[in-house]
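Down below is the structure, laid out as structure tokens.
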Number of protein chains: 2
Amino acid sequence: MIYLDNAATTWPKPESVYQAVDQCMRKKGANPGRSGHHMSLMAGQIIFETRELIAQLFNIADPYQVIFTANATEALNLGIKGLLKSGDHVITSSFEHNSVARPLERMRTQGVEVTKLPALESQGVLPAQVEEAIQSNTRLIVLSHASNVTGVLNPIREIGKIAQDRGIVFMVDSAQTAGTFPIDVQAMGIDLLAFAGHKGLLGPQGTGGLYIRENLNLIPLKEGGTGGNSEFLTQPKICPDRYESGTLNTPGIAGLGAGIGFIFQEGLMKIREKERILTERLLNGLEEIPGVILYGPPRGIERAPVISWNIEGKEPSEVSFLLDKMFDIETRSGLHCAPDAHRTLGTFIRGTVRLGLGYFNTKEEVDQCLEAIASIARE
Amino acid sequence: MIYLDNAATTWPKPESVYQAVDQCMRKKGANPGRSGHHMSLMAGQIIFETRELIAQLFNIADPYQVIFTANATEALNLGIKGLLKSGDHVITSSFEHNSVARPLERMRTQGVEVTKLPALESQGVLPAQVEEAIQSNTRLIVLSHASNVTGVLNPIREIGKIAQDRGIVFMVDSAQTAGTFPIDVQAMGIDLLAFAGHKGLLGPQGTGGLYIRENLNLIPLKEGGTGGNSEFLTQPKICPDRYESGTLNTPGIAGLGAGIGFIFQEGLMKIREKERILTERLLNGLEEIPGVILYGPPRGIERAPVISWNIEGKEPSEVSFLLDKMFDIETRSGLHCAPDAHRTLGTFIRGTVRLGLGYFNTKEEVDQCLEAIASIARE
């Protein structure tokens, strides 16, 4: 089997990830940060170590500003719903995933004003567009680092600078870039960074998180037991307790720690470079197949390893089905939970076929995939 | 090591749980319900099978009314925040966990009226108390099935009948009973059942869920990608998609399915009976130790296998620490995230030592624990 759905969940994981999850359940299976007994402390230690690794990866000064969530979607909901109030204005783009677009739509019905900048297929959102859209009541700019449909990168650093200069909160959805692109919350002026644990960070499903800049106070999405300050009816003010009610996914977080450990061991730039080369190879091959239509940024521009394409006259769902059934190649077709992006690309409503490359893919797999696509295109 | 913190997280898990998590990550590691390729379908199958097992366990007619969450806390937040609106009245008790008390406090600040019935140490909440507290604007009754501090059981069936007769939504927090006490949402008149996956259901941490009665429409806590209906900016109306945005914790849910499978295999009543016998043995022993103060329902009354106690003149945290350090016995001390319960017991703010028994505990462990407590009490 050739797995090319890494933009949804990376697979396989490093062996150390499987081991960490298993060993955590078997040997450190107590509640972290609740009881004082030694298995509980060991579980708490796992959580803390993963928090530290995340802080290191994203240049976060204080690991306690990293909040664990079930996935990037929860992190984005927490940031958006926890920050915005009626009367606030938010700037976003037409290229966002539903995990941003839908919470914003909810807030719109509650009196929040939403400006959706038309992103360019070739370049994403331009800093000048953002600058122009700012109003006196702009409270938040929320953008993806890279599109999950085309891999196009937004100029995060430039937009972060604008946000910082204007005192506007800047939230970045790094679902497609965390673990494979350098992210520095301080240098990039990021106040809220949402990440998925099960994609580029190589952890298991059920993990993700949100970095919250110090002194940025959000209304928690979930309230309940936090292990500390149990005597109060309101959530504790301190991070991460304020946002992490209920028992955390300790085995998942153990696996996430192992995934990030693997990234540090290999080196982020080595991972990035391999994925870049595979992406180039795939794009080169796709360009040569008659009938293939490629979407997204033009060649030569840096992008995340996500490629959206179609075969003229064929339904993407049919192409994806044939790749699976006839060639054992796993891809994804449809809207990829980002309908606005497809409106921009002109591929609404049938969508595209998406190939998501990962560090464990090989050039042989890329070549086999190209042959398979060529064969389907010839039919 | 003797693990007696099962009320927080049960440990160990059946071997099949560890295996299911590992095999899911290694062999079925794609996104469930997103792509159409075969590994994604296998992941979707795992989710569906666990949903079916949960439905079977709780006598839920339609498995799609079971929503997966990260833990019971998230399920309780979803039920409470998704249902209540300004002007609504809710009835709860003074024995609830912070996962109920704190979301209710949040809703109180948003115009919801909260009646907190004084629960009795011996019997929990009486149906007559509930009946008396009902107002014309009562929208919700939310109670735990069993207290996480004393194990006292609320008369769920009787209160469910009252709620049903009056057209009031009835939500039950089964964190301490799911998997060890029979729960039948139809016979008990339960509209919303929150459960933890990592306690009596023997699954891994990071799992839990909410049963939502058909035609009961909640505002989702999280919005985003659901795999289906991607073209709309609002959440789909259908269950479970409406409430399950973002990638689910598939390995965790695989483990949860294995945990519930184990319960069906052993038989719930066999599990219940073993835990009952161990609890009796522990209570008998504790009663005989001079200086031990027991809290909770009197002997002879059915209870969950959770025992709160103190040693006269000693701090619970110190007792718990000594049990761990000197005897390798893992217990929990403090407020157990339920401050109101301790106000009722008169143990606020120092709390109690809590012993939470599980199916894998033995009578030898109970006896060793009793010897250790006697030895500490003698000091």
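We label chains A, B, ... in the order they appear in the structure tokens, count residues from 1 in each chain, and number ligands from 1 in the order shown.
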
If we count only C-alpha atoms and set the cut-off at 9 Å, which residues sit around Val100 of chain A, ignoring sequence neighbours fewer than 4 positions away in its own chain? Please answer as a ChimeraX atom specification.
/A:73,76-77,80,92,96,104-105,142-144,173 /B:223-224

With a distance threshold of 6 Å and counting only C-alpha atoms, extract the residues of chain A near chain B and express them as an MDAnalysis selection string.
chainID A and resid 9 30 35 37 73 77 98:99 102:103 205:206 222:225 230:231 233:234 246 248:249 324 330 332 337 339

Name all residues at most 10 Å from segment 55-58 of chain A (count only C-alpha atoms; drop same-chain ones fewer than 6 positions away) and give them as a list in words.
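The filter keeps Glu49, Tyr64, Gln65, Val66, Ala178, Gly179, Pro182, Ile183, Asp184, Val185, Gln186, Ala187, Leu193, Tyr211, Ile260, Gly261, Ile263, Phe264 and Leu268 of chain A.
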
Given only C-alpha atoms as the basis, pick out the residue of A:Asp241, A:Glu113, A:Glu131, A:Glu379 nearest to Ile311 of chain A.
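Closest residue, counting only C-alpha atoms: A:Glu379.
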
Fewer than 4 positions away in the same chain doesn't count, so skip those; otherwise give me all residues within 8 Å of Ile271 of chain A, counting only C-alpha atoms, as a PDB file with N, CA, C and O atoms, in the first residue's frame.
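Wrote around14.pdb, looks like this:
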```pdb
ATOM      1  N   THR A 180       7.066  20.339  10.082  1.00  0.00           N
ATOM      2  CA  THR A 180       7.757  20.252   8.787  1.00  0.00           C
ATOM      3  C   THR A 180       8.256  21.617   8.308  1.00  0.00           C
ATOM      4  O   THR A 180       9.118  21.683   7.448  1.00  0.00           O
ATOM      5  N   ILE A 263      11.422  14.146  15.419  1.00  0.00           N
ATOM      6  CA  ILE A 263      11.685  15.314  14.555  1.00  0.00           C
ATOM      7  C   ILE A 263      13.003  15.986  14.950  1.00  0.00           C
ATOM      8  O   ILE A 263      13.833  16.312  14.103  1.00  0.00           O
ATOM      9  N   GLU A 266      15.921  13.666  13.828  1.00  0.00           N
ATOM     10  CA  GLU A 266      16.196  13.700  12.381  1.00  0.00           C
ATOM     11  C   GLU A 266      16.628  15.098  11.943  1.00  0.00           C
ATOM     12  O   GLU A 266      17.466  15.241  11.059  1.00  0.00           O
ATOM     13  N   GLY A 267      16.012  16.075  12.531  1.00  0.00           N
ATOM     14  CA  GLY A 267      16.246  17.455  12.114  1.00  0.00           C
ATOM     15  C   GLY A 267      15.108  17.936  11.223  1.00  0.00           C
ATOM     16  O   GLY A 267      14.805  17.318  10.206  1.00  0.00           O
ATOM     17  N   GLU A 275      10.660  16.115   2.060  1.00  0.00           N
ATOM     18  CA  GLU A 275       9.281  16.327   1.594  1.00  0.00           C
ATOM     19  C   GLU A 275       9.248  17.277   0.393  1.00  0.00           C
ATOM     20  O   GLU A 275       8.434  17.109  -0.520  1.00  0.00           O
ATOM     21  N   TYR A 359       7.071  12.243   5.488  1.00  0.00           N
ATOM     22  CA  TYR A 359       8.497  11.945   5.576  1.00  0.00           C
ATOM     23  C   TYR A 359       8.802  10.490   5.246  1.00  0.00           C
ATOM     24  O   TYR A 359       9.904  10.163   4.816  1.00  0.00           O
TER      25      TYR A 359
END
```
